[in-house]
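Here is the structure we will look at.
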Amino acid sequence: MSGLTLTLADAPDFALDMSVLTPAALAGKRLAQIRALKLEQGRKRVALGDLFEVSGEAADDSLTIHHATRNLHRLGYGLCSGLLQVNGDCGDEAGLRMRGGALRISGNAGDGVGLGMRGGLIEISGSAGDFAGGPAPGDVTGMKNGSILIGRHLGRRAGERMRRGLIVVGGNVGESCGSQMVAGSIVVLGHCGPGLGAGMRRGSIVLAKAGATPGAGFTLAGEFELAFLPLLVNHVASLKPGWRGRLSALGKVQRWVGDAANGGMGEILIPA
Amino acid sequence: MKINGVFIEDTFAEAFPMKATRLIITAHNAVWANHAANALTGFATSVIACGCEAAIERQLKRSETPDGRPGVAVLLFAMSNKELTKQLQNRVGQCVLTSPTSACYAGIEVGDPLPLGKTLRYFGDGYQISKKFGAKRYWRVPVMDGEFVCEETTRVTKAVGGGNFLILAETQAQALDASERAITAMRKLREVIMPFPGGVVRSGSKVGSKYKTLPASTNHRYCPTLKGVVDSALPESVGAVLEIVIDGLTSAAIDEATRVGIRAACTRGRKGGIVAISAGNYGGNLGPFHFKLRQILK
């Protein structure tokens with residue numbers, strides 16, 4: 001891939017705040033300037049060049065980080081455009097307050113993926129931790145736009161208070177998925193933990209596998225062929241073509257409406 | 001110039017700039033998609049009194065529609081964005097939303113947005129649901145057979161309206177046969193519609209009238225029954241004239257439709273009673289688009 005490449009020389013045993021590294025922030029900078037950038041490590045600041053081998057040129061809109069580890073936090077913070085490719089795992093709050101562009105992580109991610117996200121695409125090949133798509137620190141609502149694709153599993157309280165946007169999980173999700181959701185869509189291709197959609201006001205949780213039974217706050221409206229589901233499937237397939245087949249059960253679905261404790265305008269769709 | 005012995009007059013069709021959009025209407029099956037599309041495009045032959053000109057552009061396969069159901073592409077033309085917006089709201093609201101199992105999507109991706117589901121969603125009385133996938137927003141409006149899905153906006157594009165040609169024949173039956181052949185061939189083309197009933201119009205008009213309140217009146221010089229009364233434009237042998245009006249998204253699309261239509265109309269030739277092909281214009285001073293028959297048919 002062309003563009004700037006950062007290769008982590010030695011895996012640090014301390015947490016690093018990577019929020020300063022976005023393609024836009026580095027564009028036009030000379031390699032020496034990039035090596036001199038300071039990364040926050042707790043109370044200390046360390047030069048980027050002391051930790052990473054820097055190569056390529058920061059001319060186009062892409063940045064690749066090789067050998068990433070769980071100690072690299074806040075990757076893609078406020079990303080507006082371009083591609084940030086992370087080869088390896090990453091720490092917490094990847095894609096925090098992201099607004100556009102794409103953040104692709106080849107391994108696993110920590111907690112808080114896409115907190116306060118406003119646009120763009122986060123694609124994680126592996127699993128991610130808790131609170132994905134939830135509110136950023138200090139915010140009332142969660143993600144307001146954009147898409148988060150998780151290749152494997154996702155932790156607890158995914159999409160909490162999300163206002164708009166899409167989360168698709170290739171594997172299982174933990175407890176309280178979509179809790180207090182305001183709007184938007186969550187698609188789960190695997191199984192869900194307890195507390196699905198607890199306290200949701202609006203929004204859609206779509207399960208690709210039959211058999212789940214929502215909690216007491218949900219009422220079965222009936223079984224329907226909903227015309228919007230092919231639109232959703234096509235959109236997911238446009239982002240991840242391999243998932244089209246796994247969504248094939250979404251022909252006729254059970255529509256559970258709830259949570260009655262919070263207005264009851266949300267829905268959980270389960271293959272009939 | 002002659003095609004199969006049919007004289008092609010050295011004249012041109014005069015057309016006007018319009019605003020257009022394409023809608024994709026889907027339903028449970030093609031029958032119901034066509035019911036909705038036919039209702040939507042009803043009473044839409046001329047902007048003179050219908051507000052817009054509209055017709056079915058073509059049938060769509062499942063693979064060509066956003067939701068994978070059978071569908072129909074419809075083109076609507078109006079004189080302004082404001083009028084097109086009004087017509088969309090009324091026609092989609094009364095004819096598509098009401099039609100069982102229907103859904104309605106934008107069929108043009110570029111251009112200024114015009115509200116579609118953006119206004120129709122209020123029919124949902126607060127129970128409507130917004131879904132945004134990528135850059136597109138859709139509205140799910142609860143209705144008695146399930147949900148009406150409608151894209152929030154469609155796009156408007158600059159277009160051309162009023163392309164035309166006239167088929168001059170010995171008899172009414174021969175003119176009708178040639179017209180049907182032309183329309184059958186032209187309906188295989190994209191980006192054009194022939195908005196009149198069956199694609200054919202018999203009441204070609206001129207600007208103005210002896211009656212002050214009328215903006216248009218019968219084109220008396222092309223009325224065969226007035227030969228001998230007026231300064232007729234018709235040769236002695238002509239007993240009937242039919243016109244095919246073409247609206248297109250581009251002038252190139254109208255060029256192609258004119259070429260295909262005239263060649264099909266001339267299939268039976270002079271021996272089949274087709275005397276000549278002409279076109280309607282206003283002297284070239286009103287419309288900026290001139291479709292010169294002989295140039296198109298070269």
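A note on labels: chains of the structure tokens are A, B, ... as shown, every chain counts residues from 1, and ligands are counted from 1 in their shown order.
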Backbone-only DSSP, strand (DSSP E or B) members of segment 87-245 of chain A, as a PyMOL selection string
chain A and resi 87-88+102-105+121-124+128+147-150+154+166-169+173+185-188+192+204-207+219-225
Same residues, C-alpha atoms, output as a CSV table (one decimal), in the first residue's frame:
chain,number,residue,atom,x,y,z
A,87,ASN,CA,-2.2,-4.6,11.2
A,88,GLY,CA,-2.4,-6.3,14.5
A,102,ALA,CA,-12.1,4.2,7.2
A,103,LEU,CA,-10.4,2.5,10.1
A,104,ARG,CA,-9.5,-1.1,9.4
A,105,ILE,CA,-8.0,-3.3,12.1
A,121,LEU,CA,-16.4,2.9,8.6
A,122,ILE,CA,-14.7,0.9,11.3
A,123,GLU,CA,-14.0,-2.7,10.3
A,124,ILE,CA,-12.4,-5.0,12.8
A,128,ALA,CA,-13.9,-6.2,20.2
A,147,SER,CA,-20.8,1.8,10.3
A,148,ILE,CA,-19.0,-0.6,12.6
A,149,LEU,CA,-18.3,-4.1,11.3
A,150,ILE,CA,-17.0,-6.7,13.7
A,154,LEU,CA,-18.5,-8.1,20.5
A,166,LEU,CA,-25.1,0.6,11.8
A,167,ILE,CA,-23.3,-2.1,13.8
A,168,VAL,CA,-22.9,-5.5,12.3
A,169,VAL,CA,-21.4,-8.3,14.3
A,173,VAL,CA,-22.6,-10.2,21.3
A,185,SER,CA,-29.6,-0.6,13.4
A,186,ILE,CA,-27.6,-3.4,15.0
A,187,VAL,CA,-27.3,-6.7,13.1
A,188,VAL,CA,-26.0,-9.8,14.8
A,192,CYS,CA,-26.9,-12.6,21.8
A,204,SER,CA,-33.8,-2.0,15.1
A,205,ILE,CA,-31.9,-5.0,16.4
A,206,VAL,CA,-31.8,-7.6,13.6
A,207,LEU,CA,-30.8,-11.2,14.4
A,219,THR,CA,-44.3,-7.9,22.6
A,220,LEU,CA,-44.6,-10.1,19.4
A,221,ALA,CA,-46.4,-8.0,16.7
A,222,GLY,CA,-46.4,-10.9,14.3
A,223,GLU,CA,-44.5,-12.4,11.4
A,224,PHE,CA,-43.8,-10.2,8.4
A,225,GLU,CA,-41.9,-9.9,5.1
Determine, counting only C-alpha atoms, which protein, DNA and RNA residues have an atom within 10 Å of an atom of Thr141 of chain A; residues of the same chain fewer than 3 positions away are not included. Present the result as a list of chain:residue names.
A:Leu115, A:Gly116, A:Gly133, A:Gly134, A:Pro135, A:Ala136, A:Gly138, A:Lys144, A:Gly159, A:Glu160, A:Arg161, A:Met162, A:Arg163, A:Arg164, A:Gln180, A:Met181, A:Val182
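For the pair atom CA of Gln94 of chain B and atom CA of Ala33 of chain B, the separation is 14.5 Å.
Nearest residue to chain A, choosing from B:Asn90, B:Ser209, B:Thr26, B:Ser203 and counting only C-alpha atoms: B:Thr26.
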Restrict the distance test to only C-alpha atoms, flag each residue of chain A within 10 Å of chain B, and return the flagged residues as a VMD selection string.
chain A and resid 119 to 121 145 to 147 164 to 166 183 to 185 202 to 204 224 to 236 238 to 239 265 to 266
Would you save the residues of that selection, restricted to N, CA and C atoms, as an mmCIF file, in the first residue's frame?
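And here is the file that came out, selection.cif:
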data_model
loop_
_atom_site.group_PDB
_atom_site.id
_atom_site.type_symbol
_atom_site.label_atom_id
_atom_site.label_comp_id
_atom_site.auth_asym_id
_atom_site.auth_seq_id
_atom_site.Cartn_x
_atom_site.Cartn_y
_atom_site.Cartn_z
ATOM 1 N N GLY A 119 -19.515 9.266 11.641
ATOM 2 C CA GLY A 119 -19.483 8.873 10.229
ATOM 3 C C GLY A 119 -18.290 7.995 9.946
ATOM 4 N N GLY A 120 -18.248 7.463 8.731
ATOM 5 C CA GLY A 120 -17.122 6.626 8.329
ATOM 6 C C GLY A 120 -17.363 5.155 8.621
ATOM 7 N N LEU A 121 -16.317 4.393 8.465
ATOM 8 C CA LEU A 121 -16.413 2.933 8.599
ATOM 9 C C LEU A 121 -15.309 2.418 9.504
ATOM 10 N N ASN A 145 -23.827 8.187 13.394
ATOM 11 C CA ASN A 145 -23.777 7.837 11.971
ATOM 12 C C ASN A 145 -22.581 6.911 11.763
ATOM 13 N N GLY A 146 -22.453 6.400 10.547
ATOM 14 C CA GLY A 146 -21.333 5.542 10.218
ATOM 15 C C GLY A 146 -21.640 4.069 10.464
ATOM 16 N N SER A 147 -20.661 3.245 10.175
ATOM 17 C CA SER A 147 -20.847 1.801 10.281
ATOM 18 C C SER A 147 -19.689 1.164 11.038
ATOM 19 N N ARG A 164 -28.006 6.708 15.626
ATOM 20 C CA ARG A 164 -28.108 6.465 14.183
ATOM 21 C C ARG A 164 -26.909 5.614 13.805
ATOM 22 N N GLY A 165 -26.924 5.053 12.596
ATOM 23 C CA GLY A 165 -25.773 4.283 12.136
ATOM 24 C C GLY A 165 -26.031 2.786 12.201
ATOM 25 N N LEU A 166 -24.976 2.036 11.958
ATOM 26 C CA LEU A 166 -25.114 0.596 11.791
ATOM 27 C C LEU A 166 -23.956 -0.123 12.473
ATOM 28 N N ALA A 183 -32.021 5.012 18.225
ATOM 29 C CA ALA A 183 -32.333 4.727 16.815
ATOM 30 C C ALA A 183 -31.126 4.013 16.211
ATOM 31 N N GLY A 184 -31.188 3.759 14.905
ATOM 32 C CA GLY A 184 -30.083 3.059 14.250
ATOM 33 C C GLY A 184 -30.358 1.569 14.146
ATOM 34 N N SER A 185 -29.370 0.839 13.680
ATOM 35 C CA SER A 185 -29.557 -0.594 13.433
ATOM 36 C C SER A 185 -28.361 -1.382 13.953
ATOM 37 N N ARG A 202 -36.248 3.377 20.380
ATOM 38 C CA ARG A 202 -36.498 3.127 18.965
ATOM 39 C C ARG A 202 -35.321 2.333 18.435
ATOM 40 N N GLY A 203 -35.244 2.215 17.127
ATOM 41 C CA GLY A 203 -34.126 1.510 16.522
ATOM 42 C C GLY A 203 -34.448 0.053 16.255
ATOM 43 N N SER A 204 -33.534 -0.604 15.558
ATOM 44 C CA SER A 204 -33.759 -1.985 15.130
ATOM 45 C C SER A 204 -32.583 -2.860 15.533
ATOM 46 N N PHE A 224 -43.667 -11.032 9.536
ATOM 47 C CA PHE A 224 -43.816 -10.168 8.360
ATOM 48 C C PHE A 224 -42.648 -10.355 7.389
ATOM 49 N N GLU A 225 -42.946 -10.034 6.122
ATOM 50 C CA GLU A 225 -41.868 -9.852 5.135
ATOM 51 C C GLU A 225 -41.701 -8.351 4.973
ATOM 52 N N LEU A 226 -40.669 -7.800 5.541
ATOM 53 C CA LEU A 226 -40.497 -6.346 5.552
ATOM 54 C C LEU A 226 -39.627 -5.912 4.378
ATOM 55 N N ALA A 227 -40.155 -4.956 3.607
ATOM 56 C CA ALA A 227 -39.472 -4.544 2.369
ATOM 57 C C ALA A 227 -38.138 -3.869 2.638
ATOM 58 N N PHE A 228 -37.950 -3.358 3.848
ATOM 59 C CA PHE A 228 -36.677 -2.673 4.093
ATOM 60 C C PHE A 228 -35.545 -3.657 4.367
ATOM 61 N N LEU A 229 -35.878 -4.894 4.735
ATOM 62 C CA LEU A 229 -34.805 -5.838 5.070
ATOM 63 C C LEU A 229 -33.878 -6.138 3.889
ATOM 64 N N PRO A 230 -34.403 -6.306 2.662
ATOM 65 C CA PRO A 230 -33.461 -6.469 1.539
ATOM 66 C C PRO A 230 -32.526 -5.274 1.371
ATOM 67 N N LEU A 231 -33.019 -4.077 1.698
ATOM 68 C CA LEU A 231 -32.152 -2.892 1.605
ATOM 69 C C LEU A 231 -31.016 -3.006 2.615
ATOM 70 N N LEU A 232 -31.380 -3.453 3.824
ATOM 71 C CA LEU A 232 -30.370 -3.634 4.863
ATOM 72 C C LEU A 232 -29.366 -4.717 4.455
ATOM 73 N N VAL A 233 -29.879 -5.818 3.963
ATOM 74 C CA VAL A 233 -28.994 -6.925 3.567
ATOM 75 C C VAL A 233 -28.055 -6.474 2.445
ATOM 76 N N ASN A 234 -28.604 -5.775 1.469
ATOM 77 C CA ASN A 234 -27.770 -5.287 0.364
ATOM 78 C C ASN A 234 -26.694 -4.332 0.867
ATOM 79 N N HIS A 235 -27.074 -3.487 1.814
ATOM 80 C CA HIS A 235 -26.092 -2.533 2.332
ATOM 81 C C HIS A 235 -24.983 -3.262 3.098
ATOM 82 N N VAL A 236 -25.369 -4.204 3.932
ATOM 83 C CA VAL A 236 -24.351 -4.968 4.670
ATOM 84 C C VAL A 236 -23.460 -5.720 3.680
ATOM 85 N N SER A 238 -22.773 -4.890 0.709
ATOM 86 C CA SER A 238 -21.885 -3.964 -0.001
ATOM 87 C C SER A 238 -20.653 -3.649 0.836
ATOM 88 N N LEU A 239 -20.807 -3.733 2.157
ATOM 89 C CA LEU A 239 -19.668 -3.488 3.045
ATOM 90 C C LEU A 239 -18.855 -4.758 3.259
ATOM 91 N N MET A 265 -41.129 1.694 21.076
ATOM 92 C CA MET A 265 -41.085 1.926 19.625
ATOM 93 C C MET A 265 -39.893 1.247 18.958
ATOM 94 N N GLY A 266 -39.113 0.542 19.712
ATOM 95 C CA GLY A 266 -37.993 -0.189 19.118
ATOM 96 C C GLY A 266 -38.461 -1.529 18.571
#
Test item, helix (DSSP H, G or I) assignment across segment 32-267 of chain B, answer as a VMD selection string
chain B and resid 32 to 40 62 to 64 81 to 96 117 to 124 172 to 186 197 to 199 220 to 222 224 to 226 251 to 265
Quick one: everything within 7 Å of Ser205 of chain B, counting only C-alpha atoms, minus sequence neighbours fewer than 6 positions away in the same chain. Send it as a count of residues only.
4
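Our summary of the geometry notes that atom CA of Asp247 of chain B is positioned 8.8 Å from atom CA of Ala15 of chain B.
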Residue neighbourhood segment 258-263 of chain B, 7 Å, only C-alpha atoms, exclusion window fewer than 6 positions, as a PyMOL selection string
chain B and resi 182-183+185-186+296-297
Have a look at atom CA of Val72 of chain B and atom CA of Val92 of chain B and let me know their distance in Å, one decimal.
13.6 Å
All residues 8 Å or closer to segment 243-250 of chain A, only C-alpha atoms, same chain fewer than 2 positions away omitted, as a list in words
Gly170, Leu189, Ala208, Lys209, Leu229, Val233, Asn234, Val236, Ala237, Lys240, Pro241, Lys252, Val253, Ile270 and Pro271 of chain A
Write out as number ranges by chain each polymer residue whose atoms come within 8 Å of Val230 of chain B, counting only C-alpha atoms; drop sequence neighbours fewer than 3 positions from it.
B: 220-221, 226-227
Could you write those residues out with N, CA and C atoms, as a CSV table (one decimal), in the first residue's frame?
chain,number,residue,atom,x,y,z
B,220,HIS,N,-54.7,23.2,-37.2
B,220,HIS,CA,-55.7,23.1,-38.3
B,220,HIS,C,-55.1,22.7,-39.6
B,221,ARG,N,-53.8,23.1,-39.8
B,221,ARG,CA,-53.2,22.9,-41.1
B,221,ARG,C,-52.9,21.4,-41.2
B,226,LEU,N,-60.0,19.4,-42.9
B,226,LEU,CA,-60.1,20.8,-43.2
B,226,LEU,C,-59.4,21.2,-44.5
B,227,LYS,N,-59.0,20.1,-45.2
B,227,LYS,CA,-58.4,20.4,-46.5
B,227,LYS,C,-59.5,21.1,-47.4
Just want the 9 Å neighbourhood of Leu26 of chain A, counted on only C-alpha atoms, with same-chain residues fewer than 5 positions away dropped. Output as a short mmCIF file (atom, residue, chain, number, x, y, z; two decimals) with C-alpha atoms, in the first residue's frame.
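selection_30.cif, freshly written:
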data_model
loop_
_atom_site.label_atom_id
_atom_site.label_comp_id
_atom_site.auth_asym_id
_atom_site.auth_seq_id
_atom_site.Cartn_x
_atom_site.Cartn_y
_atom_site.Cartn_z
CA LEU A 4 2.86 6.46 5.17
CA VAL A 20 -2.60 12.38 17.08
CA LEU A 21 -2.04 9.93 14.25
CA ILE A 34 6.60 12.77 11.85
CA ALA A 58 2.58 11.29 3.98
CA ALA A 59 1.30 12.58 0.67
CA LEU A 63 -1.65 5.47 6.96
#
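If only C-alpha atoms are the atoms counted, then among A:Ala109, A:Ala216, A:Leu83, A:Val46 the closest residue to Asp17 of chain A is A:Val46.
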